[in-house]
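Okay, final14.txt now, which holds compact mmCIF, C-alpha atoms and all ligand atoms:
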```
# COMPACT_ATOMS: atom_id res chain seq x y z
CA MET A 1 -21.24 15.18 -5.12
CA LYS A 2 -19.68 16.97 -2.15
CA PHE A 3 -15.90 16.50 -1.80
CA VAL A 4 -15.69 14.92 -5.25
CA ASP A 5 -17.08 17.33 -7.86
CA GLU A 6 -15.25 20.38 -6.55
CA PHE A 7 -11.99 18.38 -6.60
CA ARG A 8 -12.57 17.55 -10.28
CA ASP A 9 -13.51 21.08 -11.33
CA ALA A 10 -11.77 21.75 -14.65
CA HIS A 11 -11.35 25.48 -13.98
CA LEU A 12 -9.70 24.89 -10.58
CA ILE A 13 -7.52 22.15 -12.07
CA ARG A 14 -6.31 24.52 -14.79
CA GLN A 15 -5.55 27.14 -12.12
CA ALA A 16 -3.55 24.65 -10.03
CA ALA A 17 -1.65 23.45 -13.10
CA GLY A 18 -0.85 27.08 -13.97
CA GLU A 19 0.40 27.69 -10.43
CA ILE A 20 2.64 24.61 -10.70
CA ARG A 21 4.12 25.88 -13.97
CA ARG A 22 4.69 29.29 -12.37
CA LEU A 23 6.40 27.82 -9.31
CA ALA A 24 8.57 25.17 -11.00
CA ASP A 25 12.04 26.50 -11.72
CA PRO A 26 12.88 25.40 -15.31
CA ALA A 27 16.52 24.98 -14.27
CA ARG A 28 15.60 22.32 -11.70
CA HIS A 29 14.43 18.72 -11.96
CA TYR A 30 11.91 17.78 -9.25
CA ARG A 31 11.60 14.14 -8.18
CA LEU A 32 8.52 13.67 -6.02
CA MET A 33 7.42 10.33 -4.61
CA GLU A 34 3.74 9.49 -4.27
CA VAL A 35 3.96 7.02 -1.40
CA CYS A 36 0.50 5.55 -1.90
CA GLY A 37 -0.61 3.39 -4.82
CA GLY A 38 -3.96 5.20 -4.76
CA HIS A 39 -2.16 8.35 -5.85
CA THR A 40 -0.37 6.52 -8.65
CA HIS A 41 -3.76 5.43 -9.97
CA ALA A 42 -5.22 8.95 -9.65
CA ILE A 43 -2.22 10.39 -11.51
CA TYR A 44 -2.68 8.00 -14.46
CA ARG A 45 -6.46 7.76 -14.39
CA PHE A 46 -6.79 11.54 -14.67
CA ALA A 47 -3.71 11.96 -16.91
CA LEU A 48 -2.24 14.46 -14.46
CA LYS A 49 1.24 14.09 -15.94
CA ASP A 50 -0.10 15.77 -19.07
CA VAL A 51 -0.70 19.01 -17.17
CA LEU A 52 2.63 18.98 -15.34
CA PRO A 53 5.84 20.51 -16.67
CA ASP A 54 8.39 17.94 -17.89
CA ASN A 55 10.81 18.73 -15.08
CA ILE A 56 8.40 17.36 -12.45
CA GLU A 57 8.97 13.63 -12.23
CA LEU A 58 6.55 11.55 -10.16
CA VAL A 59 7.93 8.34 -8.70
CA HIS A 60 5.65 5.75 -7.14
CA GLY A 61 6.49 4.48 -3.70
CA PRO A 62 5.96 1.35 -1.61
CA GLY A 63 2.41 2.17 -0.48
CA CYS A 64 0.57 -0.81 -1.96
CA PRO A 65 0.40 -3.59 0.67
CA VAL A 66 -0.28 -6.40 -1.80
CA CYS A 67 2.69 -5.33 -3.92
CA VAL A 68 5.19 -5.33 -1.05
CA LEU A 69 4.23 -8.79 0.22
CA PRO A 70 6.96 -11.24 -0.77
CA MET A 71 5.95 -14.34 -2.68
CA GLY A 72 7.04 -16.56 0.23
CA ARG A 73 4.36 -15.08 2.48
CA VAL A 74 1.72 -15.87 -0.17
CA ASP A 75 2.99 -19.45 -0.18
CA ASP A 76 2.93 -19.56 3.62
CA GLY A 77 -0.74 -18.55 3.56
CA LEU A 78 -1.48 -21.13 0.88
CA SER A 79 0.21 -23.83 2.95
CA ILE A 80 -2.32 -23.14 5.73
CA ALA A 81 -5.10 -23.50 3.15
CA SER A 82 -3.82 -26.95 2.18
CA ASP A 83 -5.21 -28.28 5.50
CA PRO A 84 -8.67 -29.69 4.65
CA LYS A 85 -10.05 -28.37 7.96
CA VAL A 86 -9.24 -24.80 6.95
CA ILE A 87 -11.24 -22.14 5.17
CA LEU A 88 -8.79 -19.40 4.16
CA ALA A 89 -10.49 -16.02 3.75
CA THR A 90 -8.91 -13.00 2.14
CA PHE A 91 -9.56 -9.81 0.15
CA GLY A 92 -10.20 -9.94 -3.60
CA ASP A 93 -6.84 -8.40 -4.52
CA MET A 94 -5.01 -11.25 -2.82
CA MET A 95 -6.88 -13.91 -4.81
CA ARG A 96 -4.84 -13.24 -7.95
CA VAL A 97 -1.41 -12.70 -6.43
CA PRO A 98 0.98 -15.37 -7.68
CA GLY A 99 2.71 -17.66 -5.23
CA ARG A 100 5.38 -20.11 -6.36
CA ASN A 101 2.78 -22.69 -7.40
CA GLY A 102 -0.04 -20.46 -8.48
CA THR A 103 -2.43 -17.86 -7.11
CA PRO A 104 -4.98 -18.41 -4.31
CA LEU A 105 -7.62 -18.52 -7.07
CA GLU A 106 -5.74 -21.35 -8.81
CA HIS A 107 -5.32 -23.22 -5.50
CA LYS A 108 -9.06 -22.82 -4.97
CA ALA A 109 -9.68 -24.33 -8.41
CA ARG A 110 -7.49 -27.27 -7.35
CA GLY A 111 -9.69 -27.88 -4.29
CA ALA A 112 -8.45 -25.64 -1.45
CA ASP A 113 -11.28 -23.87 0.37
CA ILE A 114 -10.28 -20.25 -0.19
CA ARG A 115 -12.95 -17.57 -0.07
CA MET A 116 -13.02 -13.89 -0.91
CA VAL A 117 -14.33 -11.57 1.79
CA TYR A 118 -14.87 -7.82 1.95
CA SER A 119 -13.85 -7.42 5.58
CA PRO A 120 -12.30 -9.40 8.45
CA LEU A 121 -15.74 -9.35 10.08
CA ASP A 122 -17.07 -11.38 7.11
CA ALA A 123 -14.36 -13.95 7.89
CA LEU A 124 -15.45 -14.03 11.53
CA LYS A 125 -19.04 -14.61 10.40
CA LEU A 126 -17.79 -17.53 8.30
CA ALA A 127 -16.28 -19.00 11.46
CA GLU A 128 -19.58 -18.63 13.30
CA LYS A 129 -21.43 -20.37 10.46
CA ASN A 130 -18.86 -23.18 10.21
CA PRO A 131 -18.11 -24.29 13.77
CA ASP A 132 -16.58 -27.57 12.58
CA ARG A 133 -13.99 -25.76 10.40
CA GLU A 134 -11.00 -23.51 11.13
CA VAL A 135 -11.38 -20.11 9.47
CA VAL A 136 -8.12 -18.26 8.90
CA PHE A 137 -8.17 -14.64 7.74
CA PHE A 138 -5.16 -13.75 5.57
CA ALA A 139 -4.74 -10.19 6.84
CA ILE A 140 -2.94 -7.66 4.71
CA GLY A 141 -2.64 -3.90 4.59
CA PHE A 142 -1.05 -0.88 6.19
CA GLU A 143 -2.47 1.01 9.16
CA THR A 144 -5.51 1.64 6.93
CA THR A 145 -6.86 -1.88 7.38
CA ALA A 146 -5.08 -3.01 10.56
CA PRO A 147 -7.69 -1.41 12.89
CA SER A 148 -10.52 -3.47 11.36
CA THR A 149 -8.47 -6.65 11.89
CA ALA A 150 -7.80 -5.57 15.49
CA LEU A 151 -11.49 -4.87 16.16
CA THR A 152 -12.45 -8.23 14.64
CA LEU A 153 -9.98 -10.03 16.91
CA MET A 154 -11.34 -8.15 19.93
CA ARG A 155 -14.82 -9.28 18.90
CA ALA A 156 -13.71 -12.89 18.39
CA ARG A 157 -12.26 -12.88 21.88
CA ALA A 158 -15.33 -11.21 23.42
CA LEU A 159 -17.61 -13.78 21.76
CA GLY A 160 -15.28 -16.68 22.59
CA ILE A 161 -15.05 -17.79 18.95
CA ARG A 162 -12.17 -20.26 18.90
CA ASN A 163 -12.25 -21.57 15.32
CA PHE A 164 -11.09 -18.21 13.94
CA SER A 165 -7.52 -16.97 13.57
CA VAL A 166 -5.54 -14.35 11.67
CA PHE A 167 -2.45 -14.86 9.50
CA CYS A 168 -1.11 -11.36 10.07
CA ASN A 169 0.71 -9.57 7.26
CA HIS A 170 -0.04 -6.00 8.30
CA VAL A 171 2.84 -3.63 7.64
CA THR A 172 3.56 -0.11 8.80
CA ILE A 173 4.43 2.75 6.49
CA ILE A 174 6.97 4.77 8.46
CA PRO A 175 9.84 2.20 8.44
CA ALA A 176 9.37 1.73 4.68
CA ILE A 177 9.71 5.48 4.07
CA ARG A 178 12.77 5.51 6.33
CA ALA A 179 14.29 2.62 4.33
CA ILE A 180 13.81 4.60 1.12
CA LEU A 181 15.34 7.71 2.69
CA ASP A 182 18.36 5.66 3.82
CA SER A 183 18.77 3.89 0.47
CA PRO A 184 21.93 4.77 -1.51
CA ASP A 185 19.68 5.21 -4.60
CA MET A 186 17.67 7.90 -2.82
CA ARG A 187 17.04 10.90 -5.06
CA ILE A 188 13.58 11.96 -3.87
CA GLU A 189 13.15 15.64 -3.09
CA ALA A 190 9.72 15.51 -1.44
CA PHE A 191 6.84 13.19 -0.67
CA ILE A 192 3.15 13.20 -1.54
CA GLY A 193 2.08 11.58 1.73
CA PRO A 194 -0.36 8.67 1.85
CA GLY A 195 -3.96 9.75 2.42
CA HIS A 196 -5.56 6.56 3.65
CA VAL A 197 -2.85 5.51 6.13
CA SER A 198 -2.83 9.06 7.47
CA THR A 199 -6.52 8.90 8.36
CA VAL A 200 -5.35 6.45 11.06
CA ILE A 201 -1.83 7.58 12.01
CA GLY A 202 -2.30 11.31 11.38
CA CYS A 203 0.53 13.60 10.26
CA ARG A 204 2.82 13.74 13.28
CA PRO A 205 4.71 10.46 12.52
CA TYR A 206 6.07 12.00 9.29
CA GLU A 207 7.82 14.88 11.05
CA PHE A 208 11.17 13.06 11.20
CA ILE A 209 11.29 13.13 7.36
CA CYS A 210 11.36 16.90 7.40
CA ARG A 211 13.44 17.31 10.56
CA ASP A 212 16.12 14.66 9.92
CA TYR A 213 16.14 14.36 6.12
CA LYS A 214 15.04 17.91 5.17
CA ARG A 215 12.38 16.65 2.75
CA PRO A 216 8.87 18.17 2.67
CA LEU A 217 5.84 15.87 2.90
CA VAL A 218 2.28 16.87 2.05
CA THR A 219 -0.46 14.42 2.97
CA SER A 220 -2.76 14.29 -0.02
CA GLY A 221 -6.25 13.25 -1.08
CA PHE A 222 -6.98 11.23 -4.19
CA GLU A 223 -8.96 13.51 -6.50
CA PRO A 224 -7.08 15.28 -9.30
CA LEU A 225 -7.20 18.67 -7.59
CA ASP A 226 -5.96 17.11 -4.34
CA VAL A 227 -2.84 15.81 -6.03
CA LEU A 228 -2.19 19.06 -7.92
CA GLN A 229 -2.72 21.17 -4.78
CA SER A 230 -0.27 18.93 -2.95
CA ILE A 231 2.30 19.49 -5.68
CA VAL A 232 1.73 23.26 -5.40
CA MET A 233 2.31 23.05 -1.62
CA ILE A 234 5.47 20.97 -2.13
CA LEU A 235 6.87 23.36 -4.76
CA ARG A 236 6.24 26.34 -2.49
CA GLN A 237 8.26 24.60 0.21
CA LEU A 238 11.05 23.55 -2.12
CA GLU A 239 11.37 27.02 -3.61
CA ALA A 240 11.38 28.57 -0.12
CA GLY A 241 14.00 26.04 1.04
CA THR A 242 11.77 24.76 3.85
CA ALA A 243 10.77 21.24 4.85
CA PHE A 244 7.76 20.53 7.01
CA VAL A 245 4.67 18.32 7.07
CA GLU A 246 1.52 19.82 5.58
CA ASN A 247 -1.95 18.36 5.45
CA GLN A 248 -3.72 18.94 2.14
CA TYR A 249 -6.27 16.22 3.01
CA ALA A 250 -7.44 17.90 6.22
CA ARG A 251 -11.09 17.20 5.34
CA VAL A 252 -10.36 13.53 6.12
CA VAL A 253 -7.01 13.32 7.92
CA PRO A 254 -6.88 14.45 11.57
CA TRP A 255 -3.41 15.74 12.48
CA GLU A 256 -3.26 13.48 15.55
CA GLY A 257 -4.77 10.48 13.74
CA ASN A 258 -7.73 8.33 14.70
CA LEU A 259 -7.21 7.68 18.40
CA PRO A 260 -9.79 4.87 18.88
CA ALA A 261 -8.30 3.03 15.87
CA LEU A 262 -4.76 3.48 17.23
CA ARG A 263 -5.92 2.22 20.65
CA ALA A 264 -7.47 -0.92 19.08
CA MET A 265 -4.23 -1.61 17.20
CA ALA A 266 -2.16 -1.14 20.37
CA GLU A 267 -4.43 -3.54 22.27
CA VAL A 268 -4.06 -6.36 19.72
CA PHE A 269 -0.75 -5.89 17.88
CA GLU A 270 2.91 -5.39 18.63
CA LEU A 271 5.80 -4.74 16.26
CA ARG A 272 7.68 -7.67 14.75
CA PRO A 273 11.45 -7.45 15.16
CA TYR A 274 11.76 -7.58 11.35
CA PHE A 275 9.70 -8.41 8.26
CA GLU A 276 10.61 -8.99 4.64
CA TRP A 277 9.27 -6.51 2.08
CA ARG A 278 9.29 -7.26 -1.60
CA GLY A 279 11.92 -5.06 -3.20
CA LEU A 280 13.07 -3.50 0.06
CA GLY A 281 14.35 -6.59 1.88
CA PHE A 282 14.13 -7.09 5.63
CA ILE A 283 13.12 -3.96 7.51
CA SER A 284 13.21 -3.95 11.29
CA GLN A 285 10.04 -3.16 13.24
CA SER A 286 8.08 -2.66 10.02
CA ALA A 287 5.19 -5.07 10.52
CA LEU A 288 2.65 -6.13 13.10
CA LYS A 289 2.10 -9.41 14.89
CA LEU A 290 -0.53 -10.44 17.41
CA ARG A 291 0.30 -9.91 21.07
CA ASP A 292 0.66 -12.98 23.27
CA SER A 293 -2.74 -12.20 24.81
CA TYR A 294 -4.23 -12.98 21.35
CA ALA A 295 -2.11 -16.09 20.68
CA ALA A 296 -5.25 -18.26 20.64
CA TRP A 297 -6.34 -16.36 17.50
CA ASP A 298 -2.88 -16.19 15.89
CA ALA A 299 -2.59 -18.52 12.88
CA GLU A 300 1.20 -18.41 13.26
CA SER A 301 0.84 -20.04 16.71
CA ARG A 302 -1.87 -22.45 15.69
CA PHE A 303 -0.59 -23.74 12.33
CA HIS A 304 2.77 -24.82 11.04
CA ILE A 305 4.02 -21.97 8.85
CA PRO A 306 6.89 -23.16 6.67
CA GLY A 307 8.50 -19.67 6.46
CA ILE A 308 9.07 -20.06 2.74
CA ARG A 309 11.48 -17.65 1.06
CA VAL A 310 11.04 -17.38 -2.70
CA THR A 311 12.92 -15.15 -5.09
CA ASP A 312 10.90 -13.44 -7.82
CA PRO A 313 11.17 -14.79 -11.38
CA LYS A 314 14.52 -13.61 -12.79
CA ALA A 315 13.17 -11.30 -15.46
CA ALA A 316 10.61 -9.67 -13.12
CA GLN A 317 11.79 -6.29 -11.87
CA CYS A 318 9.12 -5.69 -9.22
CA GLY A 319 11.73 -4.74 -6.61
CA GLU A 320 13.26 -2.00 -8.74
CA VAL A 321 9.81 -0.64 -9.59
CA LEU A 322 8.81 -0.63 -5.91
CA LYS A 323 11.90 1.38 -5.00
CA GLY A 324 11.19 3.87 -7.79
CA VAL A 325 14.46 2.96 -9.54
CA LEU A 326 12.61 1.74 -12.67
CA LYS A 327 9.31 2.80 -14.18
CA PRO A 328 6.88 -0.10 -14.76
CA HIS A 329 7.18 0.01 -18.55
CA GLN A 330 10.96 -0.41 -18.19
CA CYS A 331 10.45 -3.94 -16.77
CA LYS A 332 11.28 -6.50 -19.45
CA LEU A 333 8.00 -8.33 -18.86
CA PHE A 334 5.66 -5.33 -18.89
CA GLY A 335 2.74 -5.69 -21.29
CA ARG A 336 4.12 -8.95 -22.71
CA GLU A 337 4.48 -11.84 -20.25
CA CYS A 338 3.02 -9.66 -17.46
CA THR A 339 -0.45 -8.15 -17.91
CA PRO A 340 -3.41 -7.67 -15.52
CA GLU A 341 -5.01 -10.77 -17.08
CA LYS A 342 -1.86 -12.84 -16.52
CA PRO A 343 0.23 -11.06 -13.89
CA VAL A 344 3.72 -12.19 -13.01
CA GLY A 345 4.13 -9.75 -10.14
CA ALA A 346 1.76 -8.29 -7.55
CA LEU A 347 2.26 -4.80 -8.96
CA MET A 348 0.24 -5.87 -11.98
CA VAL A 349 -2.46 -7.56 -9.87
CA SER A 350 -3.31 -5.08 -7.21
CA SER A 351 -5.80 -2.30 -7.78
CA GLU A 352 -3.10 -0.02 -6.28
CA GLY A 353 -0.13 -1.50 -8.14
CA ALA A 354 2.01 0.84 -10.22
CA CYS A 355 2.27 -1.62 -13.13
CA ALA A 356 -1.52 -2.02 -13.29
CA ALA A 357 -1.86 1.79 -13.29
CA TYR A 358 0.58 2.13 -16.17
CA TYR A 359 -1.06 -0.70 -18.06
CA ASN A 360 -4.65 0.39 -17.56
CA TYR A 361 -4.28 4.11 -18.00
CA ALA A 362 -1.02 4.95 -19.65
CA LEU A 363 1.07 2.50 -21.56
CA ARG A 364 -0.43 -0.72 -22.80
CA THR A 365 2.57 -2.09 -24.63
CA THR A 366 6.31 -1.80 -24.45
CA ALA A 367 6.18 -0.32 -27.94
CA ALA A 368 3.88 2.44 -26.69
CA ALA A 369 6.17 2.92 -23.73
CA ALA A 370 9.03 3.75 -26.03
CA VAL A 371 7.08 6.57 -27.71
S1 LIG A 401 5.61 -5.70 -15.19
FE1 LIG A 401 5.12 -7.47 -13.89
S2 LIG A 401 7.06 -8.45 -13.45
FE2 LIG A 401 7.51 -6.41 -14.22
S3 LIG A 401 7.68 -5.12 -12.40
FE3 LIG A 401 5.55 -5.00 -13.05
S4 LIG A 401 4.49 -6.60 -11.92
FE4 LIG A 401 6.69 -7.03 -11.74
```

If you convert what's in this file into structure tokens, what do you get?
Ligand code: SF4
Amino acid sequence: MKFVDEFRDAHLIRQAAGEIRRLADPARHYRLMEVCGGHTHAIYRFALKDVLPDNIELVHGPGCPVCVLPMGRVDDGLSIASDPKVILATFGDMMRVPGRNGTPLEHKARGADIRMVYSPLDALKLAEKNPDREVVFFAIGFETTAPSTALTLMRARALGIRNFSVFCNHVTIIPAIRAILDSPDMRIEAFIGPGHVSTVIGCRPYEFICRDYKRPLVTSGFEPLDVLQSIVMILRQLEAGTAFVENQYARVVPWEGNLPALRAMAEVFELRPYFEWRGLGFISQSALKLRDSYAAWDAESRFHIPGIRVTDPKAAQCGEVLKGVLKPHQCKLFGRECTPEKPVGALMVSSEGACAAYYNYALRTTAAAAV
């Protein structure tokens, strides 16, 4: 299969791993952050750590939108669903994310009309089919999914569909990376840049990381060879003492981004003054809200949102894992109270969550983690 098989070619993978071993200075310890949860899964699914030298440490970043959504926002969405007029529609990952009183799936079992959809357009179709109900789409995701929400809202407005609205939880990646760079715990030497987000925003927005913080960033694809090539490119920069943005995923990521998608986002969304991120706290201008011209389709204007703030269960260490301070298996609940079947935190639920990656591909029990 083109663009898959050649990026899983064992011979090329061995070559890249050899190049990494040649480039890595044994006297140094390299801490690289893979910003995107998709990379974390690729790293564990393909056991890439096994081919890396021990002094290359990979740290997962905040690039899983379900994982960074605080529990209070889940509860806010569920409070909308408690209105019997409402059909709440959301992606499958969100269905199993715990709120304070259970997951959307559990609320559905108790009688709330919550439905899984594959796209915001599916939610809009639900609204067309159910003119006597209010359909609310629980929107989540980085710039990867925000354009499809924007285009759906533009369509709802063009068609004059009034029983459809969006509870907007879209977040933006750049302020989160900046928050990590400004954190006192910051010990990251370089970034494996997010592939999916970059298909929309391009590479230019990352340039401040290299210019102001002197850290290289290489935008990477998700196949094993993509990740290893990105590490080669990062090591070459680190050994040369340079820091600039490189695009390993050029077959998909345009340097300037996807201009029609960016235009659709600009038409529908504006930045919120601040938004709470799980593990990272409040970050200014880090999330999107609907512009006033779309207020008629904004669930936050049309429904009472309680603005619930909920702290995570005491023993859960999702915040530390999200900041890369702890590895998932170092959380006290990992593999015991918290498993993909019975998740305590979103990092164990989401298909991009670091804890799910560790559990599914690497370390199934805390005992194994200690080995
Ligand atoms: S194991 Fe569960 S509780 Fe612990 S950090 Fe991961 S998701 Fe959160």

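Proximal residues of ligand LIG 401 (chain A) are Ala316, Gln317, Cys318, Val321, Pro328, His329, Cys331, Lys332, Leu333, Phe334, Gly335, Cys338, Thr339, Pro343, Val344, Gly345, Ala346, Leu347, Met348 and Cys355 of chain A, by a cut-off of 7 Å on all atoms listed in the file.
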
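Considering the residues A:Leu52, A:Leu69, A:Leu262, A:Val310 and counting all atoms listed in the file, A:Cys168 has its shortest atom-to-atom contact with A:Leu69.
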
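Minimum distance to A:Glu267 across A:Gly353, A:Pro147, A:Gly111, A:Pro98 (counting all atoms listed in the file) occurs at A:Pro147.
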
Quick one: residues within 7 Å of (11.6, -9.4, 13.1) (file frame), counting only C-alpha atoms, please, as JSON, numbers by chain. {"A": [272, 273, 274, 275, 284, 285]}

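Between A:His11 and the residues A:Pro306, A:Leu225, A:Ile231, A:Leu32, the shortest atom-to-atom distance, using all atoms listed in the file, involves A:Leu225.
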
Which is closer to A:Thr199 than all the others in A:Arg157, A:Leu259, A:Ile180, A:Gly241, using only C-alpha atoms?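 Looking at the shortest contact to A:Thr199, the residue is A:Leu259.
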
Which polymer residues have any atom within 8 Å of an atom of stretch 195-197 of chain A, counting all atoms listed in the file, with same-chain residues fewer than 5 positions away left out, as a ChimeraX atom specification? /A:36,142-144,173,202,219-222,249,253
